[in-house]
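Listing of start-v8.txt; format and content: compact mmCIF, C-alpha atoms.
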```txt
# COMPACT_ATOMS: atom_id res chain seq x y z
CA MET A 1 172.23 89.94 29.15
CA LYS A 2 173.92 88.45 32.19
CA VAL A 3 173.44 90.27 35.48
CA PRO A 4 175.83 89.34 38.30
CA VAL A 5 174.02 89.09 41.64
CA VAL A 6 176.01 87.16 44.29
CA LYS A 7 173.53 87.77 47.04
CA SER A 8 172.71 85.39 49.85
CA ILE A 9 169.18 84.12 49.68
CA LEU A 10 168.96 84.31 53.44
CA ALA A 11 170.01 87.98 53.45
CA ALA A 12 166.47 89.19 54.18
CA ASN A 13 166.23 86.88 57.19
CA ASP A 14 169.69 87.89 58.43
CA GLN A 15 168.73 91.56 58.22
CA ILE A 16 165.66 91.04 60.43
CA ALA A 17 167.74 88.89 62.79
CA GLN A 18 170.13 91.81 63.20
CA GLU A 19 167.21 94.11 64.04
CA ASN A 20 165.96 91.62 66.64
CA ARG A 21 169.44 91.56 68.18
CA GLN A 22 169.51 95.35 68.36
CA LEU A 23 166.19 95.35 70.18
CA PHE A 24 167.44 92.75 72.69
CA ASP A 25 170.58 94.79 73.28
CA GLU A 26 168.62 98.00 73.83
CA LYS A 27 166.37 96.27 76.33
CA GLY A 28 169.24 94.46 78.08
CA VAL A 29 167.78 91.02 77.36
CA MET A 30 169.97 88.02 76.60
CA ALA A 31 168.22 85.82 74.02
CA VAL A 32 168.96 82.10 73.95
CA ASN A 33 167.94 80.08 70.89
CA ILE A 34 167.39 76.46 71.94
CA MET A 35 167.51 73.95 69.12
CA ALA A 36 167.07 70.17 69.22
CA SER A 37 165.28 67.28 67.62
CA PRO A 38 161.70 66.59 68.76
CA GLY A 39 161.58 64.96 72.18
CA ALA A 40 165.13 65.83 73.25
CA GLY A 41 163.72 67.74 76.22
CA LYS A 42 163.77 71.40 75.22
CA THR A 43 160.77 72.39 77.31
CA SER A 44 161.97 70.28 80.24
CA LEU A 45 165.38 71.95 80.12
CA ILE A 46 163.78 75.40 80.06
CA LEU A 47 161.59 74.48 83.05
CA ARG A 48 164.57 73.09 84.99
CA THR A 49 166.60 76.19 84.18
CA ILE A 50 163.78 78.46 85.31
CA GLU A 51 163.77 76.62 88.66
CA ARG A 52 167.46 77.41 89.10
CA LEU A 53 167.43 80.99 87.87
CA ARG A 54 164.06 82.48 88.73
CA ASP A 55 165.42 84.21 91.85
CA LYS A 56 168.40 85.60 89.98
CA ALA A 57 166.94 86.70 86.65
CA ARG A 58 163.64 87.68 85.10
CA ILE A 59 162.88 85.05 82.48
CA GLY A 60 160.55 84.94 79.48
CA VAL A 61 159.96 82.18 76.95
CA ILE A 62 158.95 81.99 73.32
CA GLU A 63 157.72 78.58 72.24
CA GLY A 64 157.94 77.58 68.60
CA ASP A 65 155.89 74.59 67.51
CA VAL A 66 154.24 73.41 64.35
CA ALA A 67 150.90 73.31 66.18
CA SER A 68 149.37 73.34 69.68
CA SER A 69 150.17 75.27 72.85
CA ILE A 70 151.09 72.27 75.01
CA ASP A 71 154.61 73.56 75.71
CA ALA A 72 153.53 77.13 76.36
CA ASP A 73 150.90 75.90 78.81
CA ARG A 74 153.59 74.03 80.79
CA ILE A 75 155.68 77.20 81.01
CA ALA A 76 152.70 79.41 81.86
CA GLN A 77 151.89 77.16 84.83
CA GLU A 78 155.17 78.31 86.33
CA GLY A 79 153.98 81.90 86.16
CA VAL A 80 156.61 82.78 83.56
CA PRO A 81 155.65 85.08 80.65
CA VAL A 82 155.37 82.96 77.53
CA VAL A 83 154.30 83.42 73.91
CA GLN A 84 153.48 80.55 71.60
CA ILE A 85 154.38 80.76 67.92
CA ASN A 86 152.68 78.16 65.73
CA THR A 87 154.50 77.84 62.44
CA GLY A 88 151.56 76.02 60.82
CA GLY A 89 153.72 73.33 59.24
CA GLY A 90 156.93 75.36 59.02
CA CYS A 91 159.93 73.38 60.23
CA HIS A 92 161.83 76.18 61.96
CA LEU A 93 161.41 79.64 63.41
CA ASP A 94 162.70 82.50 61.29
CA ALA A 95 163.65 86.02 62.28
CA ASN A 96 160.40 87.46 61.01
CA MET A 97 158.22 85.11 63.08
CA LEU A 98 160.25 85.99 66.14
CA ARG A 99 159.92 89.71 65.43
CA ALA A 100 156.15 89.37 65.16
CA ALA A 101 155.99 87.62 68.54
CA LEU A 102 158.19 90.03 70.48
CA PRO A 103 155.57 92.77 71.08
CA SER A 104 153.60 90.22 73.10
CA LEU A 105 156.32 90.25 75.77
CA ASN A 106 157.38 93.18 77.92
CA LEU A 107 161.11 93.07 77.20
CA ASP A 108 161.76 95.86 79.71
CA GLU A 109 160.91 93.37 82.44
CA LEU A 110 163.11 90.51 81.22
CA ASP A 111 166.77 89.56 81.63
CA ILE A 112 166.81 86.27 79.75
CA LEU A 113 164.56 85.17 76.90
CA PHE A 114 164.54 81.50 75.95
CA ILE A 115 163.42 80.84 72.40
CA GLU A 116 162.45 77.22 71.94
CA ASN A 117 162.87 76.46 68.26
CA VAL A 118 160.82 73.87 66.37
CA GLY A 119 162.16 70.35 66.96
CA ASN A 120 164.48 69.79 64.00
CA LEU A 121 168.22 69.33 63.49
CA ILE A 122 168.39 70.75 59.99
CA CYS A 123 167.05 74.15 59.10
CA PRO A 124 167.09 75.99 62.46
CA ALA A 125 170.88 76.12 61.92
CA ASN A 126 170.40 78.19 58.76
CA PHE A 127 167.87 80.71 59.98
CA ARG A 128 169.38 83.19 62.40
CA LEU A 129 166.96 84.73 64.83
CA GLY A 130 169.13 87.40 66.44
CA ALA A 131 169.75 85.45 69.66
CA HIS A 132 173.00 86.00 71.61
CA ILE A 133 173.42 82.33 72.45
CA GLN A 134 172.88 79.42 70.08
CA ALA A 135 172.32 76.40 72.26
CA MET A 136 171.76 72.89 71.09
CA LEU A 137 170.20 70.13 73.11
CA ALA A 138 171.06 66.54 72.26
CA SER A 139 169.78 63.52 74.15
CA ILE A 140 171.20 60.09 74.83
CA PRO A 141 168.52 57.97 73.05
CA GLU A 142 169.17 59.86 69.80
CA GLY A 143 172.52 58.08 69.49
CA ASP A 144 176.17 59.09 69.49
CA ASP A 145 176.38 59.47 65.70
CA LYS A 146 174.38 62.67 65.42
CA PRO A 147 177.34 65.10 65.15
CA TYR A 148 178.50 63.04 62.17
CA LYS A 149 175.09 63.18 60.52
CA TYR A 150 174.11 66.79 61.24
CA PRO A 151 177.42 68.69 61.08
CA GLY A 152 175.77 72.02 60.23
CA MET A 153 173.81 72.07 63.45
CA TYR A 154 176.69 71.06 65.71
CA GLN A 155 179.11 73.47 64.12
CA GLY A 156 177.28 76.71 64.74
CA VAL A 157 176.40 76.49 68.43
CA ASP A 158 177.90 78.11 71.54
CA ALA A 159 176.60 75.54 74.00
CA LEU A 160 175.69 71.90 73.77
CA VAL A 161 173.53 70.35 76.46
CA VAL A 162 173.42 66.55 76.46
CA ASN A 163 170.19 65.51 78.17
CA LYS A 164 168.88 62.23 79.61
CA ILE A 165 172.22 61.06 81.00
CA ASP A 166 170.18 59.08 83.53
CA LEU A 167 169.50 56.69 80.60
CA LEU A 168 173.19 55.97 79.91
CA PRO A 169 173.12 52.58 81.71
CA TYR A 170 170.27 51.40 79.47
CA VAL A 171 171.19 52.81 76.05
CA ARG A 172 174.12 52.16 73.75
CA PHE A 173 175.71 55.57 73.65
CA ASP A 174 179.47 56.05 73.40
CA MET A 175 180.08 59.44 74.98
CA GLU A 176 183.68 59.47 73.76
CA ARG A 177 182.64 58.95 70.15
CA PHE A 178 179.96 61.61 70.51
CA ARG A 179 182.38 64.13 72.00
CA LYS A 180 184.98 63.35 69.34
CA GLY A 181 182.48 64.21 66.62
CA VAL A 182 181.53 67.41 68.39
CA ALA A 183 185.17 68.41 68.94
CA ALA A 184 185.92 67.88 65.27
CA LEU A 185 183.30 70.40 64.25
CA ASN A 186 183.25 72.79 67.16
CA PRO A 187 186.26 72.52 69.49
CA ASP A 188 185.27 75.57 71.59
CA VAL A 189 181.67 74.64 72.37
CA ALA A 190 180.66 74.49 76.05
CA ILE A 191 179.28 71.02 76.79
CA PHE A 192 176.95 70.17 79.69
CA GLU A 193 175.84 66.65 80.51
CA VAL A 194 172.50 66.86 82.28
CA SER A 195 169.40 64.95 83.29
CA CYS A 196 166.22 66.97 83.42
CA VAL A 197 164.64 64.10 85.38
CA THR A 198 167.16 63.98 88.23
CA GLY A 199 168.35 67.57 87.82
CA LYS A 200 171.97 66.47 87.57
CA GLY A 201 174.22 68.91 85.72
CA VAL A 202 171.53 71.56 85.25
CA GLN A 203 173.19 73.84 87.79
CA ASP A 204 176.40 74.08 85.71
CA TRP A 205 174.43 75.05 82.63
CA ALA A 206 172.40 77.61 84.59
CA GLU A 207 175.55 79.16 86.04
CA TRP A 208 177.15 79.32 82.60
CA LEU A 209 174.10 81.20 81.33
CA MET A 210 174.29 83.69 84.20
CA GLN A 211 177.99 84.29 83.47
CA LYS A 212 177.18 84.90 79.81
CA LYS A 213 174.42 87.31 80.78
CA ASP A 214 176.68 89.27 83.11
CA THR A 215 179.38 89.51 80.43
CA LEU A 216 176.88 90.69 77.82
CA LEU A 217 175.34 93.28 80.12
CA ARG A 218 178.73 94.65 81.10
CA ARG A 219 179.65 94.96 77.45
CA GLY A 220 176.31 96.64 76.64
CA MET B 1 159.25 72.27 53.59
CA HIS B 2 161.66 75.08 54.42
CA GLU B 3 162.38 75.47 50.71
CA LEU B 4 159.15 77.47 50.38
CA ALA B 5 160.52 80.29 52.52
CA VAL B 6 163.94 80.25 50.89
CA THR B 7 162.50 80.09 47.39
CA GLN B 8 160.46 83.16 48.21
CA GLY B 9 163.69 84.86 49.34
CA MET B 10 165.47 83.74 46.19
CA LEU B 11 162.69 85.06 43.96
CA SER B 12 162.73 88.47 45.60
CA VAL B 13 166.52 88.72 45.17
CA VAL B 14 166.10 87.82 41.48
CA LEU B 15 163.24 90.24 40.85
CA GLU B 16 165.03 93.09 42.62
CA HIS B 17 168.10 92.70 40.39
CA ALA B 18 166.03 92.15 37.24
CA GLU B 19 164.05 95.33 37.82
CA LYS B 20 167.24 97.27 38.54
CA ALA B 21 168.62 96.08 35.20
CA GLY B 22 165.43 97.17 33.44
CA ALA B 23 164.70 93.63 32.32
CA LYS B 24 161.45 92.53 30.72
CA LYS B 25 162.03 88.87 31.42
CA VAL B 26 164.34 86.62 33.41
CA THR B 27 165.36 83.57 31.37
CA ASP B 28 167.95 81.86 33.60
CA ILE B 29 168.83 81.88 37.28
CA TYR B 30 172.22 80.56 38.47
CA LEU B 31 172.19 79.32 42.06
CA VAL B 32 175.02 78.06 44.23
CA ILE B 33 173.96 75.57 46.91
CA GLY B 34 176.33 73.95 49.39
CA ASP B 35 175.77 70.32 50.33
CA LEU B 36 175.57 71.33 53.99
CA SER B 37 172.98 74.01 53.35
CA THR B 38 170.10 71.52 53.58
CA PHE B 39 168.31 72.83 50.50
CA VAL B 40 167.09 70.37 47.92
CA ASP B 41 167.16 71.27 44.21
CA ASP B 42 163.89 69.60 43.24
CA SER B 43 162.07 71.22 46.10
CA VAL B 44 163.35 74.70 45.22
CA GLN B 45 162.28 74.09 41.61
CA PHE B 46 158.82 72.95 42.69
CA TYR B 47 158.14 76.06 44.76
CA PHE B 48 159.75 78.32 42.17
CA ASP B 49 157.36 77.21 39.44
CA PHE B 50 154.48 78.04 41.72
CA LEU B 51 155.74 81.31 43.19
CA SER B 52 157.10 82.84 39.98
CA LYS B 53 153.77 82.75 38.11
CA GLY B 54 152.87 86.22 36.90
CA THR B 55 156.32 87.68 37.67
CA LEU B 56 159.24 88.63 35.40
CA ALA B 57 160.85 85.34 36.35
CA GLU B 58 157.98 83.07 35.25
CA GLY B 59 159.33 80.22 33.15
CA ALA B 60 162.99 80.95 33.94
CA THR B 61 165.34 77.97 34.01
CA LEU B 62 167.04 77.28 37.35
CA HIS B 63 170.69 76.16 37.22
CA PHE B 64 172.08 74.59 40.36
CA ARG B 65 175.78 74.44 41.14
CA ARG B 66 176.31 72.16 44.15
CA VAL B 67 179.32 72.77 46.36
CA PRO B 68 180.53 69.66 48.21
CA ALA B 69 181.12 69.82 51.98
CA THR B 70 184.83 70.55 52.28
CA PHE B 71 186.85 70.44 55.49
CA ARG B 72 190.32 71.60 56.47
CA CYS B 73 192.26 69.71 59.12
CA TRP B 74 193.60 71.97 61.87
CA ASP B 75 196.48 69.58 62.53
CA CYS B 76 198.01 68.98 59.10
CA GLY B 77 196.26 71.53 56.89
CA ASN B 78 194.88 68.89 54.53
CA THR B 79 191.61 69.79 52.79
CA PHE B 80 189.14 67.06 51.87
CA THR B 81 185.48 66.50 51.10
CA HIS B 82 183.09 64.91 53.58
CA ASN B 83 182.55 61.21 52.86
CA GLY B 84 179.29 61.17 54.83
CA ARG B 85 180.57 58.72 57.44
CA ASP B 86 183.62 59.67 59.40
CA LEU B 87 184.66 63.09 60.60
CA SER B 88 188.41 62.80 60.66
CA CYS B 89 191.22 63.77 58.34
CA PRO B 90 191.94 60.99 55.81
CA ARG B 91 195.65 61.95 55.79
CA CYS B 92 196.63 62.26 59.46
CA GLY B 93 193.51 61.04 61.26
CA GLY B 94 193.16 64.43 62.96
CA SER B 95 189.72 65.19 64.27
CA ARG B 96 189.76 68.97 64.64
CA LEU B 97 188.17 70.23 61.47
CA GLU B 98 186.97 73.46 60.00
CA ILE B 99 184.18 73.57 57.42
CA ILE B 100 185.57 75.65 54.56
CA ALA B 101 182.88 75.07 51.94
CA GLY B 102 179.45 73.55 51.66
CA LYS B 103 177.24 76.05 53.44
CA GLU B 104 176.73 78.34 50.43
CA PHE B 105 173.30 79.39 49.36
CA TYR B 106 173.18 82.35 47.03
CA VAL B 107 172.12 83.67 43.64
CA GLU B 108 175.27 83.93 41.54
CA SER B 109 173.80 85.64 38.49
CA ILE B 110 170.72 85.91 36.32
CA GLU B 111 170.22 86.06 32.57
CA VAL B 112 167.65 88.64 31.47
CA GLU B 113 166.12 89.98 28.26
```
Could I get this file's structure written as structure tokens?
Amino acid sequence: MKVPVVKSILAANDQIAQENRQLFDEKGVMAVNIMASPGAGKTSLILRTIERLRDKARIGVIEGDVASSIDADRIAQEGVPVVQINTGGGCHLDANMLRAALPSLNLDELDILFIENVGNLICPANFRLGAHIQAMLASIPEGDDKPYKYPGMYQGVDALVVNKIDLLPYVRFDMERFRKGVAALNPDVAIFEVSCVTGKGVQDWAEWLMQKKDTLLRRG
Amino acid sequence: MHELAVTQGMLSVVLEHAEKAGAKKVTDIYLVIGDLSTFVDDSVQFYFDFLSKGTLAEGATLHFRRVPATFRCWDCGNTFTHNGRDLSCPRCGGSRLEIIAGKEFYVESIEVE
């Protein structure tokens, strides 16, 4: 006997992601899912953004890593509430891991929650967490061909931060080719060219986040 | 690695529908996987054999239908499949594209006894 099913295999994850989103909305917290390959500068970007926004918004961070608490320790030094999730080999965060970590933060006392996903350009795109903003961080040494090679990741994001622009004079990276690939997949994405070393461009990204937060809160 | 989690999800979808249908055994599972979905057939099969032991679905045959990454050009409306190199329309050279297929990942149907 044939039984028709037609059910997404990620439905269970999507359901929990929706519940996470509801919780964020109730608490008035804007959640930002930051995805990138390892070493692109996710933690550095979060630290630089905290510098710019800490007087304007109450910030919390969730750090996803395969192992260790190196990143969480860097954030904690800044006096920002942080929770480390170790996936124990898992290559991405999923909605359930995030849900389990949320009680460790007092969401009533936060305006923005950065969720640093595991460094990976593949599966984080498939596993929704419930964040309001999907942000991707690319970096110059990775090369300008990445939108062509990882279309799924580039297609689904609201913001794209291109880090390490201070290395442009030393690395073969054709920004026009890179942007063309991005525009093909995601013409409406907000793009920010930054350097977390010099701080260049970070302000624009931080202001964009604040605008998004204000819009979301007004709507809520 | 992420196939472990998704195979677990797939198995629970299958078992839920098998139990609803009053099945004693699941013999075949028909899956649809898009080329952009990042899931690998062999890996799903590997985890399935392990996870399904002792369930209604133990020993079921997995059938994979792959869906190629398909794009539509915003400029000329042409639809084409991704050649893995360039991201522009082969007809007009346009570079504003929409992904219209290739991200699927679902259980289409199951065969039960």
- Write out as a PyMOL selection string which residues come within 12 Å of Ala101 in chain A when counting all atoms listed in the file, dropping same-chain ones fewer than 4 positions away. chain A and resi 20+61-64+82-87+93-97+105-107+115+129
Could you please take those selected residues and save C-alpha atoms as a PDB file, in the coordinates of the input?
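Written file, part.pdb:
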```pdb
ATOM      1  CA  ASN A  20     165.960  91.620  66.640  1.00  0.00           C
ATOM      2  CA  VAL A  61     159.960  82.180  76.950  1.00  0.00           C
ATOM      3  CA  ILE A  62     158.950  81.990  73.320  1.00  0.00           C
ATOM      4  CA  GLU A  63     157.720  78.580  72.240  1.00  0.00           C
ATOM      5  CA  GLY A  64     157.940  77.580  68.600  1.00  0.00           C
ATOM      6  CA  VAL A  82     155.370  82.960  77.530  1.00  0.00           C
ATOM      7  CA  VAL A  83     154.300  83.420  73.910  1.00  0.00           C
ATOM      8  CA  GLN A  84     153.480  80.550  71.600  1.00  0.00           C
ATOM      9  CA  ILE A  85     154.380  80.760  67.920  1.00  0.00           C
ATOM     10  CA  ASN A  86     152.680  78.160  65.730  1.00  0.00           C
ATOM     11  CA  THR A  87     154.500  77.840  62.440  1.00  0.00           C
ATOM     12  CA  LEU A  93     161.410  79.640  63.410  1.00  0.00           C
ATOM     13  CA  ASP A  94     162.700  82.500  61.290  1.00  0.00           C
ATOM     14  CA  ALA A  95     163.650  86.020  62.280  1.00  0.00           C
ATOM     15  CA  ASN A  96     160.400  87.460  61.010  1.00  0.00           C
ATOM     16  CA  MET A  97     158.220  85.110  63.080  1.00  0.00           C
ATOM     17  CA  LEU A 105     156.320  90.250  75.770  1.00  0.00           C
ATOM     18  CA  ASN A 106     157.380  93.180  77.920  1.00  0.00           C
ATOM     19  CA  LEU A 107     161.110  93.070  77.200  1.00  0.00           C
ATOM     20  CA  ILE A 115     163.420  80.840  72.400  1.00  0.00           C
ATOM     21  CA  LEU A 129     166.960  84.730  64.830  1.00  0.00           C
TER      22      LEU A 129
END
```
- Query: Hey, which of B:Ile100, B:Ile110, B:Ala60, B:Ala69 ends up closest to chain A? Count all atoms listed in the file.
  - Reply: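 Once distances to chain A are computed over all atoms listed in the file, the minimum belongs to B:Ile110.
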- Counting only C-alpha atoms, chain A residues within 7 Å of chain B, as a list in words: Met1, Lys2, Val3, Pro4, Val5, Val6, Lys7, Ser8, Ile9, Leu10, Gly90, Cys91, Ile122, Cys123, Tyr148, Gly152, Gly181, Ala183, Ala184, Leu185 and Pro187 of chain A
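Here CA of Leu102 in chain A and CA of Ala190 in chain A stand 27.9 Å from one another.
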- Do you know which residues are at most 8 Å from range 153-170 of chain A counting only C-alpha atoms, after dropping those on the same chain fewer than 3 positions away, and could you put them as a ChimeraX atom specification? /A:40-41,121-122,124-125,133-141,147,150,173,182,185-186,188-198,205
- Item | Exercise: residues within 6 Å of coordinate (169.1, 79.6, 82.3), counting all atoms listed in the file, as a ChimeraX atom specification | /A:49,53,206,209
- CA of Gly60 in chain A to CA of Val29 in chain A: how many Å, to one decimal? 9.7 Å
- Query: Between CA of Met35 in chain A and CA of Asn120 in chain A, what is the spacing in Å?
  - Reply: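 Pair CA of Asn120 in chain A / CA of Met35 in chain A returns 7.3 Å.
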- Item | Contacts of Lys213 in chain A at 9 Å (only C-alpha atoms; same-chain gap of 3+ positions) as number ranges by chain | A: 29-30, 111-112, 208-210, 216-218
Give me a file of those residues, with C-alpha atoms, as a short mmCIF file (atom, residue, chain, number, x, y, z; two decimals), keeping the file's coordinate frame.
```cif
data_model
loop_
_atom_site.label_atom_id
_atom_site.label_comp_id
_atom_site.auth_asym_id
_atom_site.auth_seq_id
_atom_site.Cartn_x
_atom_site.Cartn_y
_atom_site.Cartn_z
CA VAL A 29 167.78 91.02 77.36
CA MET A 30 169.97 88.02 76.60
CA ASP A 111 166.77 89.56 81.63
CA ILE A 112 166.81 86.27 79.75
CA TRP A 208 177.15 79.32 82.60
CA LEU A 209 174.10 81.20 81.33
CA MET A 210 174.29 83.69 84.20
CA LEU A 216 176.88 90.69 77.82
CA LEU A 217 175.34 93.28 80.12
CA ARG A 218 178.73 94.65 81.10
#
```
- Message: For a cutoff of 8 Å around the file-coordinate point (177.9, 74.4, 41.7), which residues qualify once you count all atoms listed in the file? I'd like the result as a list in words.
- Response: Leu31, Val32, Ile33, Gly34, Phe64, Arg65, Arg66 and Val67 of chain B
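Considering the residues A:Arg21, A:Arg179, A:Ala11, A:Leu113 and counting only C-alpha atoms, Gly130 in chain A has its shortest atom-to-atom contact with A:Arg21.
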Centre, x/y/z edge lengths, axis-aligned box for range 7-23 of chain B with 3 Å per side, as AutoDock Vina command-line options:
```
--center_x 164.5 --center_y 88.7 --center_z 40.8 --size_x 14.2 --size_y 23.2 --size_z 23.0
```
Add whatever atoms are absent from range 81-98 of chain A to reach N, CA and C atoms, and provide the output as a short mmCIF file (atom, residue, chain, number, x, y, z; two decimals), keeping the file's coordinate frame.
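As written to disk, rebuild07.cif reads:
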```cif
data_model
loop_
_atom_site.label_atom_id
_atom_site.label_comp_id
_atom_site.auth_asym_id
_atom_site.auth_seq_id
_atom_site.Cartn_x
_atom_site.Cartn_y
_atom_site.Cartn_z
N PRO A 81 156.25 84.57 81.88
CA PRO A 81 155.65 85.08 80.65
C PRO A 81 156.06 84.25 79.44
N VAL A 82 155.08 83.85 78.65
CA VAL A 82 155.37 82.96 77.53
C VAL A 82 154.49 83.32 76.34
N VAL A 83 155.06 83.21 75.15
CA VAL A 83 154.30 83.42 73.91
C VAL A 83 154.49 82.18 73.04
N GLN A 84 153.39 81.70 72.49
CA GLN A 84 153.48 80.55 71.60
C GLN A 84 153.47 81.03 70.15
N ILE A 85 154.42 80.55 69.37
CA ILE A 85 154.38 80.76 67.92
C ILE A 85 154.04 79.42 67.29
N ASN A 86 152.98 79.37 66.51
CA ASN A 86 152.68 78.16 65.73
C ASN A 86 153.08 78.43 64.29
N THR A 87 153.98 77.59 63.79
CA THR A 87 154.50 77.84 62.44
C THR A 87 153.56 77.28 61.37
N GLY A 88 152.52 76.54 61.78
CA GLY A 88 151.56 76.02 60.82
C GLY A 88 152.19 75.12 59.77
N GLY A 89 153.08 74.24 60.18
CA GLY A 89 153.72 73.33 59.24
C GLY A 89 155.18 73.69 58.99
N GLY A 90 155.54 74.93 59.23
CA GLY A 90 156.93 75.36 59.02
C GLY A 90 157.85 74.62 59.96
N CYS A 91 159.06 74.27 59.47
CA CYS A 91 159.93 73.38 60.23
C CYS A 91 160.94 74.10 61.10
N HIS A 92 160.89 75.43 61.14
CA HIS A 92 161.83 76.18 61.96
C HIS A 92 161.22 77.54 62.25
N LEU A 93 161.78 78.24 63.23
CA LEU A 93 161.41 79.64 63.41
C LEU A 93 162.31 80.46 62.50
N ASP A 94 161.80 81.57 61.96
CA ASP A 94 162.70 82.50 61.29
C ASP A 94 162.62 83.85 61.98
N ALA A 95 163.51 84.74 61.56
CA ALA A 95 163.65 86.02 62.28
C ALA A 95 162.36 86.82 62.24
N ASN A 96 161.63 86.70 61.16
CA ASN A 96 160.40 87.46 61.01
C ASN A 96 159.31 86.97 61.96
N MET A 97 159.21 85.65 62.13
CA MET A 97 158.22 85.11 63.08
C MET A 97 158.55 85.57 64.49
N LEU A 98 159.85 85.57 64.81
CA LEU A 98 160.25 85.99 66.14
C LEU A 98 159.90 87.47 66.34
#
```
